[in-house]
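Source file: model-v1.json; contents: JSON, C-alpha atoms and all ligand atoms.
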[["chain", "number", "residue", "atom", "x", "y", "z"],
["C", 709, "ARG", "CA", 0.00, 0.00, 0.00],
["C", 710, "LYS", "CA", 1.01, 3.66, -0.44],
["C", 711, "PRO", "CA", 3.10, 4.82, 2.54],
["C", 712, "LEU", "CA", 1.39, 7.61, 4.43],
["C", 713, "THR", "CA", 2.91, 11.10, 4.59],
["C", 714, "THR", "CA", 2.22, 14.20, 6.66],
["C", 715, "ALA", "CA", 0.84, 15.88, 3.51],
["C", 716, "ARG", "CA", -1.58, 12.99, 3.05],
["C", 717, "LEU", "CA", -2.77, 13.37, 6.65],
["C", 718, "LYS", "CA", -3.59, 17.03, 6.02],
["C", 719, "LYS", "CA", -5.51, 16.05, 2.87],
["C", 720, "MET", "CA", -7.44, 13.47, 4.88],
["C", 721, "LYS", "CA", -8.52, 16.23, 7.26],
["C", 722, "GLN", "CA", -9.60, 18.44, 4.34],
["C", 723, "ALA", "CA", -11.51, 15.55, 2.80],
["C", 724, "GLY", "CA", -13.16, 14.70, 6.12],
["C", 725, "GLU", "CA", -11.63, 11.23, 6.08],
["C", 726, "PRO", "CA", -11.08, 10.06, 9.66],
["C", 727, "ILE", "CA", -7.46, 9.25, 10.59],
["C", 728, "THR", "CA", -6.70, 6.16, 12.68],
["C", 729, "PHE", "CA", -3.84, 5.92, 15.16],
["C", 730, "VAL", "CA", -3.15, 3.06, 17.54],
["C", 731, "THR", "CA", -0.22, 2.50, 19.85],
["C", 732, "ALA", "CA", 2.08, -0.50, 19.48],
["C", 733, "TYR", "CA", 5.24, -1.44, 21.33],
["C", 734, "ASP", "CA", 6.69, -4.56, 19.74],
["C", 735, "TYR", "CA", 6.91, -6.67, 16.60],
["C", 736, "PRO", "CA", 3.65, -8.64, 16.80],
["C", 737, "SER", "CA", 1.48, -5.71, 17.92],
["C", 738, "ALA", "CA", 2.87, -3.53, 15.12],
["C", 739, "LYS", "CA", 2.48, -6.28, 12.52],
["C", 740, "LEU", "CA", -1.14, -6.91, 13.52],
["C", 741, "ALA", "CA", -1.94, -3.17, 13.51],
["C", 742, "GLU", "CA", -0.47, -2.79, 10.03],
["C", 743, "GLU", "CA", -2.36, -5.83, 8.75],
["C", 744, "ALA", "CA", -5.54, -4.34, 10.22],
["C", 745, "GLY", "CA", -5.07, -1.22, 8.09],
["C", 746, "ILE", "CA", -4.14, 1.38, 10.67],
["C", 747, "ASP", "CA", -2.96, 4.76, 9.29],
["C", 748, "VAL", "CA", -0.36, 5.63, 11.95],
["C", 749, "ILE", "CA", 1.30, 3.68, 14.76],
["C", 750, "LEU", "CA", 2.39, 5.56, 17.88],
["C", 751, "VAL", "CA", 5.12, 4.08, 20.04],
["C", 752, "GLY", "CA", 3.66, 5.83, 23.05],
["C", 753, "ASP", "CA", 5.28, 6.20, 26.43],
["C", 754, "SER", "CA", 2.08, 4.53, 27.67],
["C", 755, "LEU", "CA", 4.56, 1.68, 27.16],
["C", 756, "GLY", "CA", 5.46, 2.40, 30.78],
["C", 757, "ASN", "CA", 1.97, 1.57, 32.00],
["C", 758, "VAL", "CA", 0.80, -1.21, 29.71],
["C", 759, "VAL", "CA", 4.01, -3.07, 28.87],
["C", 760, "LEU", "CA", 6.53, -2.28, 31.61],
["C", 761, "GLY", "CA", 4.12, -2.21, 34.55],
["C", 762, "TYR", "CA", 4.92, 1.25, 35.94],
["C", 763, "ASP", "CA", 2.10, 3.32, 37.44],
["C", 764, "SER", "CA", 2.84, 6.34, 35.22],
["C", 765, "THR", "CA", 4.80, 7.26, 32.09],
["C", 766, "LEU", "CA", 7.50, 9.10, 34.06],
["C", 767, "PRO", "CA", 9.99, 6.22, 34.41],
["C", 768, "VAL", "CA", 10.09, 5.57, 30.65],
["C", 769, "THR", "CA", 13.50, 6.38, 29.17],
["C", 770, "LEU", "CA", 14.72, 7.34, 25.73],
["C", 771, "ASP", "CA", 16.49, 3.95, 25.59],
["C", 772, "ASP", "CA", 13.11, 2.25, 26.21],
["C", 773, "ILE", "CA", 11.44, 4.14, 23.35],
["C", 774, "VAL", "CA", 14.35, 3.54, 20.97],
["C", 775, "TYR", "CA", 14.35, -0.19, 21.75],
["C", 776, "HIS", "CA", 10.60, -0.57, 21.29],
["C", 777, "THR", "CA", 10.46, 1.65, 18.20],
["C", 778, "ARG", "CA", 13.02, -0.60, 16.49],
["C", 779, "ALA", "CA", 10.80, -3.61, 17.11],
["C", 780, "VAL", "CA", 7.68, -1.77, 15.91],
["C", 781, "VAL", "CA", 9.38, -0.69, 12.69],
["C", 782, "ARG", "CA", 10.43, -4.29, 12.01],
["C", 783, "GLY", "CA", 6.80, -5.35, 12.41],
["C", 784, "ALA", "CA", 5.21, -2.53, 10.38],
["C", 785, "ALA", "CA", 7.69, -1.39, 7.76],
["C", 786, "SER", "CA", 4.95, 0.14, 5.56],
["C", 787, "THR", "CA", 3.27, 2.19, 8.30],
["C", 788, "PHE", "CA", 3.99, 5.77, 9.39],
["C", 789, "ILE", "CA", 5.47, 5.42, 12.88],
["C", 790, "VAL", "CA", 5.58, 8.17, 15.49],
["C", 791, "ALA", "CA", 7.72, 7.81, 18.64],
["C", 792, "ASP", "CA", 7.00, 9.60, 21.92],
["C", 793, "MET", "CA", 9.68, 11.80, 23.44],
["C", 794, "PRO", "CA", 9.78, 10.58, 27.06],
["C", 795, "PHE", "CA", 9.57, 12.61, 30.25],
["C", 796, "MET", "CA", 12.30, 15.28, 30.61],
["C", 797, "SER", "CA", 13.90, 14.48, 27.27],
["C", 798, "TYR", "CA", 12.88, 17.80, 25.67],
["C", 799, "HIS", "CA", 12.96, 20.43, 28.43],
["C", 800, "GLY", "CA", 16.71, 21.02, 28.59],
["C", 801, "SER", "CA", 18.78, 22.67, 25.86],
["C", 802, "ILE", "CA", 17.72, 22.42, 22.24],
["C", 803, "ASP", "CA", 20.99, 20.55, 21.56],
["C", 804, "HIS", "CA", 20.08, 17.92, 24.13],
["C", 805, "THR", "CA", 16.56, 17.63, 22.74],
["C", 806, "LEU", "CA", 17.82, 17.24, 19.17],
["C", 807, "GLN", "CA", 20.24, 14.52, 20.28],
["C", 808, "GLY", "CA", 17.27, 12.58, 21.63],
["C", 809, "VAL", "CA", 15.24, 13.18, 18.48],
["C", 810, "ALA", "CA", 18.21, 11.96, 16.42],
["C", 811, "ARG", "CA", 18.31, 8.71, 18.39],
["C", 812, "LEU", "CA", 14.60, 8.08, 17.80],
["C", 813, "MET", "CA", 15.05, 8.69, 14.07],
["C", 814, "GLN", "CA", 18.47, 7.05, 13.47],
["C", 815, "GLU", "CA", 18.41, 4.15, 15.93],
["C", 816, "GLY", "CA", 14.65, 3.72, 16.30],
["C", 817, "HIS", "CA", 13.83, 4.47, 12.63],
["C", 818, "ALA", "CA", 10.76, 6.50, 13.60],
["C", 819, "LYS", "CA", 9.27, 8.85, 11.00],
["C", 820, "ALA", "CA", 8.14, 11.52, 13.48],
["C", 821, "VAL", "CA", 8.19, 12.37, 17.18],
["C", 822, "LYS", "CA", 5.49, 13.44, 19.64],
["C", 823, "LEU", "CA", 5.92, 15.91, 22.53],
["C", 824, "GLU", "CA", 3.52, 16.88, 25.31],
["C", 825, "GLY", "CA", 2.82, 20.55, 25.92],
["C", 826, "GLY", "CA", 1.51, 23.77, 24.39],
["C", 827, "ALA", "CA", 2.85, 27.26, 23.73],
["C", 828, "GLU", "CA", 5.64, 26.76, 26.28],
["C", 829, "ILE", "CA", 7.28, 24.13, 24.06],
["C", 830, "ALA", "CA", 6.52, 25.80, 20.70],
["C", 831, "HIS", "CA", 10.15, 26.88, 20.30],
["C", 832, "THR", "CA", 11.23, 23.27, 20.78],
["C", 833, "VAL", "CA", 8.70, 22.04, 18.23],
["C", 834, "GLU", "CA", 10.04, 24.65, 15.83],
["C", 835, "ALA", "CA", 13.65, 23.56, 16.33],
["C", 836, "ILE", "CA", 12.78, 19.89, 15.72],
["C", 837, "THR", "CA", 10.71, 20.79, 12.66],
["C", 838, "ASN", "CA", 13.57, 22.94, 11.35],
["C", 839, "ALA", "CA", 15.79, 19.87, 11.63],
["C", 840, "GLY", "CA", 13.50, 18.12, 9.15],
["C", 841, "VAL", "CA", 11.67, 15.95, 11.66],
["C", 842, "PRO", "CA", 7.85, 15.94, 11.64],
["C", 843, "VAL", "CA", 6.32, 16.66, 15.05],
["C", 844, "VAL", "CA", 3.01, 15.67, 16.63],
["C", 845, "GLY", "CA", 1.83, 17.87, 19.50],
["C", 846, "HIS", "CA", -0.12, 16.61, 22.51],
["C", 847, "ILE", "CA", -2.29, 18.83, 24.71],
["C", 848, "GLY", "CA", -5.17, 18.50, 27.16],
["C", 849, "LEU", "CA", -4.37, 15.82, 29.71],
["C", 850, "THR", "CA", -0.63, 15.35, 29.32],
["C", 851, "PRO", "CA", 0.31, 12.29, 31.41],
["C", 852, "GLN", "CA", 3.94, 13.34, 31.89],
["C", 853, "ALA", "CA", 2.57, 16.30, 33.91],
["C", 854, "VAL", "CA", 0.22, 14.15, 36.02],
["C", 855, "HIS", "CA", 1.72, 15.27, 39.32],
["C", 856, "GLN", "CA", 1.31, 18.92, 38.37],
["C", 857, "ILE", "CA", -2.23, 18.39, 37.08],
["C", 858, "GLY", "CA", -3.17, 16.30, 40.11],
["C", 859, "GLY", "CA", -4.65, 13.28, 38.36],
["C", 860, "TYR", "CA", -5.96, 11.99, 35.06],
["C", 861, "LEU", "CA", -8.62, 14.70, 34.89],
["C", 862, "ILE", "CA", -10.69, 16.11, 32.06],
["C", 863, "GLN", "CA", -9.13, 19.32, 30.77],
["C", 864, "GLY", "CA", -10.53, 22.53, 29.30],
["C", 865, "LYS", "CA", -13.88, 22.57, 31.07],
["C", 866, "SER", "CA", -13.87, 26.29, 31.90],
["C", 867, "SER", "CA", -13.85, 28.90, 29.17],
["C", 868, "GLU", "CA", -10.52, 30.22, 30.45],
["C", 869, "GLN", "CA", -8.91, 26.77, 30.16],
["C", 870, "ALA", "CA", -10.54, 26.25, 26.79],
["C", 871, "GLN", "CA", -9.13, 29.52, 25.45],
["C", 872, "LYS", "CA", -5.68, 28.52, 26.69],
["C", 873, "LEU", "CA", -5.88, 25.11, 25.01],
["C", 874, "LEU", "CA", -6.95, 26.68, 21.72],
["C", 875, "ALA", "CA", -4.02, 29.13, 21.97],
["C", 876, "ASP", "CA", -1.69, 26.18, 22.70],
["C", 877, "ALA", "CA", -2.98, 24.30, 19.66],
["C", 878, "LYS", "CA", -2.48, 27.33, 17.44],
["C", 879, "ALA", "CA", 1.04, 27.89, 18.81],
["C", 880, "LEU", "CA", 1.93, 24.27, 17.99],
["C", 881, "GLU", "CA", 0.49, 24.57, 14.50],
["C", 882, "GLN", "CA", 2.41, 27.81, 14.00],
["C", 883, "ALA", "CA", 5.59, 26.08, 15.22],
["C", 884, "GLY", "CA", 5.23, 23.45, 12.51],
["C", 885, "ALA", "CA", 3.48, 20.50, 14.17],
["C", 886, "PHE", "CA", 1.72, 18.34, 11.55],
["C", 887, "ALA", "CA", -0.93, 16.93, 13.95],
["C", 888, "ILE", "CA", -2.01, 17.39, 17.55],
["C", 889, "VAL", "CA", -3.26, 14.79, 19.99],
["C", 890, "LEU", "CA", -6.13, 16.08, 22.17],
["C", 891, "GLU", "CA", -6.39, 13.96, 25.30],
["C", 892, "LEU", "CA", -9.30, 14.02, 27.76],
["C", 893, "VAL", "CA", -10.94, 17.27, 26.68],
["C", 894, "THR", "CA", -14.62, 17.96, 26.17],
["C", 895, "GLU", "CA", -16.16, 17.14, 22.83],
["C", 896, "GLU", "CA", -17.11, 20.81, 22.41],
["C", 897, "LEU", "CA", -13.57, 22.09, 22.90],
["C", 898, "ALA", "CA", -12.12, 19.40, 20.61],
["C", 899, "ALA", "CA", -14.63, 20.36, 17.90],
["C", 900, "TRP", "CA", -13.69, 24.03, 18.26],
["C", 901, "ILE", "CA", -9.93, 23.37, 18.10],
["C", 902, "SER", "CA", -10.37, 20.99, 15.15],
["C", 903, "LYS", "CA", -12.28, 23.66, 13.24],
["C", 904, "GLU", "CA", -9.71, 26.36, 14.00],
["C", 905, "LEU", "CA", -6.68, 24.35, 12.85],
["C", 906, "THR", "CA", -5.57, 23.30, 9.36],
["C", 907, "ILE", "CA", -3.59, 20.35, 10.78],
["C", 908, "PRO", "CA", -5.45, 17.26, 11.98],
["C", 909, "THR", "CA", -6.46, 16.73, 15.59],
["C", 910, "ILE", "CA", -6.22, 13.18, 16.91],
["C", 911, "GLY", "CA", -8.50, 12.59, 19.88],
["C", 912, "ILE", "CA", -8.39, 10.24, 22.84],
["C", 913, "GLY", "CA", -11.27, 10.86, 25.19],
["C", 914, "ALA", "CA", -12.02, 13.96, 23.11],
["C", 915, "GLY", "CA", -15.22, 13.05, 21.30],
["C", 916, "ALA", "CA", -16.21, 12.38, 17.71],
["C", 917, "SER", "CA", -15.37, 15.74, 16.13],
["C", 918, "CYS", "CA", -11.62, 15.26, 16.02],
["C", 919, "ASP", "CA", -10.03, 14.57, 12.65],
["C", 920, "GLY", "CA", -8.74, 11.24, 13.89],
["C", 921, "GLN", "CA", -8.74, 8.96, 16.90],
["C", 922, "VAL", "CA", -6.05, 7.19, 18.89],
["C", 923, "LEU", "CA", -6.39, 4.40, 21.44],
["C", 924, "VAL", "CA", -3.88, 2.41, 23.45],
["C", 925, "PHE", "CA", -3.45, -1.10, 22.00],
["C", 926, "HIS", "CA", -3.82, -2.86, 25.36],
["C", 927, "ASP", "CA", -6.95, -0.87, 26.23],
["C", 928, "LEU", "CA", -8.97, -1.51, 23.09],
["C", 929, "LEU", "CA", -8.03, -5.19, 23.12],
["C", 930, "GLN", "CA", -8.19, -5.64, 26.93],
["C", 931, "TYR", "CA", -4.72, -7.12, 26.85],
["C", 932, "GLY", "CA", -3.64, -7.13, 30.49],
["C", 933, "SER", "CA", -4.70, -3.51, 31.07],
["C", 934, "ALA", "CA", -7.12, -2.26, 33.71],
["C", 935, "PRO", "CA", -10.15, -4.60, 33.98],
["C", 936, "ALA", "CA", -12.58, -1.67, 34.04],
["C", 937, "PRO", "CA", -11.72, 0.48, 31.03],
["C", 938, "ARG", "CA", -12.17, 4.22, 31.29],
["C", 939, "LYS", "CA", -15.25, 5.78, 29.72],
["C", 940, "PHE", "CA", -13.47, 6.89, 26.54],
["C", 941, "VAL", "CA", -12.15, 3.40, 25.75],
["C", 942, "LYS", "CA", -14.21, 1.05, 23.65],
["C", 943, "VAL", "CA", -13.24, -2.59, 24.08],
["C", 944, "TYR", "CA", -13.10, -4.26, 20.65],
["C", 945, "ALA", "CA", -11.75, -7.64, 21.75],
["C", 946, "ASN", "CA", -10.84, -9.41, 24.94],
["C", 947, "VAL", "CA", -7.39, -10.68, 24.12],
["C", 948, "GLY", "CA", -6.41, -10.89, 27.77],
["C", 949, "GLU", "CA", -9.15, -13.41, 28.52],
["C", 950, "THR", "CA", -8.22, -15.43, 25.42],
["C", 951, "ILE", "CA", -4.58, -15.56, 26.54],
["C", 952, "ARG", "CA", -5.44, -16.38, 30.17],
["C", 953, "SER", "CA", -7.78, -19.22, 29.26],
["C", 954, "GLY", "CA", -5.33, -20.55, 26.67],
["C", 955, "ILE", "CA", -2.53, -20.74, 29.23],
["C", 956, "ALA", "CA", -4.88, -22.16, 31.89],
["C", 957, "GLN", "CA", -5.88, -24.97, 29.52],
["C", 958, "TYR", "CA", -2.22, -25.69, 28.72],
["C", 959, "VAL", "CA", -1.42, -25.91, 32.46],
["C", 960, "GLN", "CA", -4.36, -28.22, 33.05],
["C", 961, "GLU", "CA", -3.45, -30.53, 30.14],
["C", 962, "VAL", "CA", 0.19, -30.84, 31.21],
["C", 963, "LYS", "CA", -0.92, -31.65, 34.77],
["C", 964, "ALA", "CA", -3.35, -34.25, 33.38],
["C", 965, "ARG", "CA", -0.67, -35.63, 31.01],
["C", 966, "SER", "CA", -2.98, -35.07, 28.05],
["C", 967, "PHE", "CA", -0.42, -32.74, 26.45],
["C", 968, "PRO", "CA", 1.78, -33.51, 24.60],
["C", 969, "GLY", "CA", -0.21, -36.08, 22.68],
["C", 970, "PRO", "CA", 1.10, -38.60, 20.15],
["C", 971, "GLU", "CA", 0.65, -36.02, 17.38],
["C", 972, "HIS", "CA", 3.09, -33.65, 19.12],
["C", 973, "SER", "CA", 5.81, -36.23, 19.65],
["C", 974, "PHE", "CA", 8.70, -37.49, 17.56],
["C", 975, "HIS", "CA", 9.60, -41.15, 17.10],
["C", 976, "MET", "CA", 12.72, -43.18, 16.45],
["C", 977, "ASP", "CA", 12.88, -45.74, 13.66],
["C", 978, "ASP", "CA", 11.58, -49.09, 14.96],
["C", 979, "GLU", "CA", 14.97, -50.82, 14.80],
["C", 980, "VAL", "CA", 16.66, -48.04, 16.82],
["C", 981, "ALA", "CA", 13.91, -48.21, 19.43],
["C", 982, "ALA", "CA", 14.22, -51.99, 19.53],
["C", 983, "TYR", "CA", 17.98, -51.67, 20.06],
["C", 984, "LEU", "CA", 17.59, -49.12, 22.85],
["C", 985, "TYR", "CA", 14.75, -50.78, 24.72],
["C", 986, "GLY", "CA", 15.66, -54.36, 23.87],
["C", 1001, "LIG", "O1", 1.58, 7.23, 25.08],
["C", 1001, "LIG", "C1", 0.47, 7.18, 24.52],
["C", 1001, "LIG", "O2", -0.14, 6.11, 24.35],
["C", 1001, "LIG", "C2", -0.11, 8.42, 24.04],
["C", 1001, "LIG", "C3", -1.50, 8.36, 23.48],
["C", 1001, "LIG", "C4", -2.48, 8.21, 24.58],
["C", 1001, "LIG", "C5", -1.80, 9.54, 22.64],
["C", 1001, "LIG", "O3", 0.52, 9.44, 24.13],
["C", 1002, "NA", "NA", 2.38, 9.33, 25.42]]
So, in terms of structure tokens, how does the structure I just supplied come out?
Amino acid sequence: RKPLTTARLKKMKQAGEPITFVTAYDYPSAKLAEEAGIDVILVGDSLGNVVLGYDSTLPVTLDDIVYHTRAVVRGAASTFIVADMPFMSYHGSIDHTLQGVARLMQEGHAKAVKLEGGAEIAHTVEAITNAGVPVVGHIGLTPQAVHQIGGYLIQGKSSEQAQKLLADAKALEQAGAFAIVLELVTEELAAWISKELTIPTIGIGAGASCDGQVLVFHDLLQYGSAPAPRKFVKVYANVGETIRSGIAQYVQEVKARSFPGPEHSFHMDDEVAAYLYG
């Protein structure tokens, strides 16, 4: 299929064609997402929560994202792959930030990077864009700032907050971002921002008016993630239950000596067996 580009994403917005993002973190998840026809794969730092078992995204390192991005690219070589810049990897000097971006592109083989934040990081977005690297913005609930925000709370409910988020979105667009993730904002605000921007908005918990949607792989497939999904997640399959019951049956059959069966076993030639066992 035709590899996706940032220009194509903008055309999809203009044409009103919804854009699909999903996260993936390894070879099989990326391969399955590509085979399913996803537009963009995000190697999100949600990796920390759903794959590495941390209780936030803060412990995720640049090494982690590089390592997982490499695996994702091997699994989905024809898909546009965005890698998250992890916590504190883009708030120091521009030189330091660009070194991290370079690793994600050169070692991870990502096609773009994503950063959390609004107007306050616009200069950073501009520097990365000027280096020839496409950037996705991310505003609303930004999980790397969870301790400042005080929880995974819906953002932009007051008109003051909404104005600020619109200004952030415009600053990111102005700085060269080619798309912006809107996380946990009201449907009304997401619709407003989407209308005001020429670049696509990609929503998660942001309603149906965004130009695209993103969900976390493990959430939409119930693959070992929280048993009670949050309101904005739709569960499309219960992979976790399939895996659990598959392993439980394997355990039970080994205990009962019904696995392996004759069809799973290898045999010597009769004369060798006769020699060995007399
Ligand atoms: O890390 C992640 O999965 C994300 C998405 C929720 C947008 O940033
Ligand atoms: Na993220």
- Task: For segment 922-927 of chain C, please output as a ChimeraX atom specification all residues within 9 Å (counting only C-alpha atoms; exclusion window: fewer than 2 positions along the same chain).
- Result: /C:727-733,737,741,750,752,754,758-759,889,910-913,920,929-934,937-938,941-944,947-948
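Distance annotation: of C:Pro842, C:Ala875, C:Leu928, C:Ala945, the residue with the minimal separation from Glu904 of chain C is C:Ala875; atom set is all atoms listed in the file.
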- Message: What does the structure give for the distance between atom CA of Gly864 of chain C and atom CA of Leu897 of chain C, in Å to one decimal?
- Response: 7.1 Å
- Message: Report, in Å to a single decimal, how far apart atom CA of Lys819 of chain C and atom CA of Pro711 of chain C are.
- Response: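 These two atoms are separated by 11.2 Å.
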- Between atom CA of Val809 of chain C and atom CA of Ser797 of chain C - distance in Å to one decimal: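 Value for the atom CA of Ser797 of chain C-atom CA of Val809 of chain C distance: 9.0 Å.
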What are the closest atom pairs, with distances in Å to one decimal, for all residues of chain C lying within 9 Å of ligand NA 1002 (chain C)? Consider all atoms listed in the file, order rows by chain and residue number, and present the result as a tab-separated table.
residue	atom	partner	partner_atom	distance
C:Leu750	CA	C:NA1002	NA	8.4
C:Val751	CA	C:NA1002	NA	8.0
C:Gly752	CA	C:NA1002	NA	4.4
C:Asp753	CA	C:NA1002	NA	4.4
C:Ser754	CA	C:NA1002	NA	5.3
C:Leu755	CA	C:NA1002	NA	8.1
C:Thr765	CA	C:NA1002	NA	7.4
C:Ala791	CA	C:NA1002	NA	8.8
C:Asp792	CA	C:NA1002	NA	5.8
C:Met793	CA	C:NA1002	NA	8.0
C:Pro794	CA	C:NA1002	NA	7.7
C:Lys822	CA	C:NA1002	NA	7.7
C:Leu823	CA	C:NA1002	NA	8.0
C:Glu824	CA	C:NA1002	NA	7.6
C:His846	CA	C:NA1002	NA	8.2
C:Thr850	CA	C:NA1002	NA	7.8
C:Pro851	CA	C:NA1002	NA	7.0
C:Gln852	CA	C:NA1002	NA	7.8
- Message: Could you list, as a PyMOL selection string, every residue within 7 Å of Ala830 of chain C, counting all atoms listed in the file and ignoring same-chain residues fewer than 5 positions away?
- Response: chain C and resi 879-880+883
- Determine, counting only C-alpha atoms, every residue of protein, DNA or RNA that lies within 12 Å of (17.9, 16.0, 17.1) in the file coordinates, then give the result as number ranges by chain. C: 793, 797-798, 801-815, 820-821, 832-843
Export C-alpha atoms of the chosen residues as a PDB file, in the frame of the given file?
ATOM      1  CA  MET C 793       9.680  11.800  23.440  1.00  0.00           C
ATOM      2  CA  SER C 797      13.900  14.480  27.270  1.00  0.00           C
ATOM      3  CA  TYR C 798      12.880  17.800  25.670  1.00  0.00           C
ATOM      4  CA  SER C 801      18.780  22.670  25.860  1.00  0.00           C
ATOM      5  CA  ILE C 802      17.720  22.420  22.240  1.00  0.00           C
ATOM      6  CA  ASP C 803      20.990  20.550  21.560  1.00  0.00           C
ATOM      7  CA  HIS C 804      20.080  17.920  24.130  1.00  0.00           C
ATOM      8  CA  THR C 805      16.560  17.630  22.740  1.00  0.00           C
ATOM      9  CA  LEU C 806      17.820  17.240  19.170  1.00  0.00           C
ATOM     10  CA  GLN C 807      20.240  14.520  20.280  1.00  0.00           C
ATOM     11  CA  GLY C 808      17.270  12.580  21.630  1.00  0.00           C
ATOM     12  CA  VAL C 809      15.240  13.180  18.480  1.00  0.00           C
ATOM     13  CA  ALA C 810      18.210  11.960  16.420  1.00  0.00           C
ATOM     14  CA  ARG C 811      18.310   8.710  18.390  1.00  0.00           C
ATOM     15  CA  LEU C 812      14.600   8.080  17.800  1.00  0.00           C
ATOM     16  CA  MET C 813      15.050   8.690  14.070  1.00  0.00           C
ATOM     17  CA  GLN C 814      18.470   7.050  13.470  1.00  0.00           C
ATOM     18  CA  GLU C 815      18.410   4.150  15.930  1.00  0.00           C
ATOM     19  CA  ALA C 820       8.140  11.520  13.480  1.00  0.00           C
ATOM     20  CA  VAL C 821       8.190  12.370  17.180  1.00  0.00           C
ATOM     21  CA  THR C 832      11.230  23.270  20.780  1.00  0.00           C
ATOM     22  CA  VAL C 833       8.700  22.040  18.230  1.00  0.00           C
ATOM     23  CA  GLU C 834      10.040  24.650  15.830  1.00  0.00           C
ATOM     24  CA  ALA C 835      13.650  23.560  16.330  1.00  0.00           C
ATOM     25  CA  ILE C 836      12.780  19.890  15.720  1.00  0.00           C
ATOM     26  CA  THR C 837      10.710  20.790  12.660  1.00  0.00           C
ATOM     27  CA  ASN C 838      13.570  22.940  11.350  1.00  0.00           C
ATOM     28  CA  ALA C 839      15.790  19.870  11.630  1.00  0.00           C
ATOM     29  CA  GLY C 840      13.500  18.120   9.150  1.00  0.00           C
ATOM     30  CA  VAL C 841      11.670  15.950  11.660  1.00  0.00           C
ATOM     31  CA  PRO C 842       7.850  15.940  11.640  1.00  0.00           C
ATOM     32  CA  VAL C 843       6.320  16.660  15.050  1.00  0.00           C
TER      33      VAL C 843
END
- Task: Might you pull out every residue within 9 Å of Lys721 of chain C, with only C-alpha atoms counted and same-chain residues fewer than 4 positions away left off, and present them as a PyMOL selection string?
- Result: chain C and resi 716-717+725-727+906-909+919-920
- May I have the residues within 8 Å of Ile847 of chain C as a list in words, using only C-alpha atoms and disregarding those fewer than 5 positions away in the same chain? Glu824, Gly825, Gly826, Leu873, Asp876, Ala877, Ile888, Val889, Leu890 and Glu891 of chain C
Output file for the residues above (C-alpha atoms, as a PDB file, keeping the file's coordinate frame):
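Generated file (again-v6.pdb):
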ATOM      1  CA  GLU C 824       3.520  16.880  25.310  1.00  0.00           C
ATOM      2  CA  GLY C 825       2.820  20.550  25.920  1.00  0.00           C
ATOM      3  CA  GLY C 826       1.510  23.770  24.390  1.00  0.00           C
ATOM      4  CA  LEU C 873      -5.880  25.110  25.010  1.00  0.00           C
ATOM      5  CA  ASP C 876      -1.690  26.180  22.700  1.00  0.00           C
ATOM      6  CA  ALA C 877      -2.980  24.300  19.660  1.00  0.00           C
ATOM      7  CA  ILE C 888      -2.010  17.390  17.550  1.00  0.00           C
ATOM      8  CA  VAL C 889      -3.260  14.790  19.990  1.00  0.00           C
ATOM      9  CA  LEU C 890      -6.130  16.080  22.170  1.00  0.00           C
ATOM     10  CA  GLU C 891      -6.390  13.960  25.300  1.00  0.00           C
TER      11      GLU C 891
END
- From C:Gln882, C:Ser953, C:Gln871, C:Asn757, residue lying nearest ligand LIG 1001 (chain C) [all atoms listed in the file]: C:Asn757
- Task: Please work out which residues fall within 9 Å of (11.9, -1.9, 14.8), coordinates as given in the file, with all atoms listed in the file counting, and return them as a list in words.
- Result: Asp734, Tyr735, Val774, Tyr775, His776, Thr777, Arg778, Ala779, Val780, Val781, Arg782, Gly783, Ala784, Ala785, Glu815, Gly816, His817 and Ala818 of chain C
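Each of C:Pro736, C:Gly761, C:Gly756, C:Gly859 was compared to ligand LIG 1001 (chain C) using all atoms listed in the file, and C:Gly756 turns out to be the nearest.
Considering only C-alpha atoms and all ligand atoms, the residue among C:Met796, C:Ile749, C:Leu712, C:Ala916 positioned nearest to ligand LIG 1001 (chain C) is C:Ile749.
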- Shortest interatomic distance to ligand LIG 1001 (chain C) - which of C:Leu740, C:Gln869, C:Gln863, C:Phe940, counting all atoms listed in the file: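 Of the candidates, the smallest distance to ligand LIG 1001 (chain C) is held by C:Phe940.
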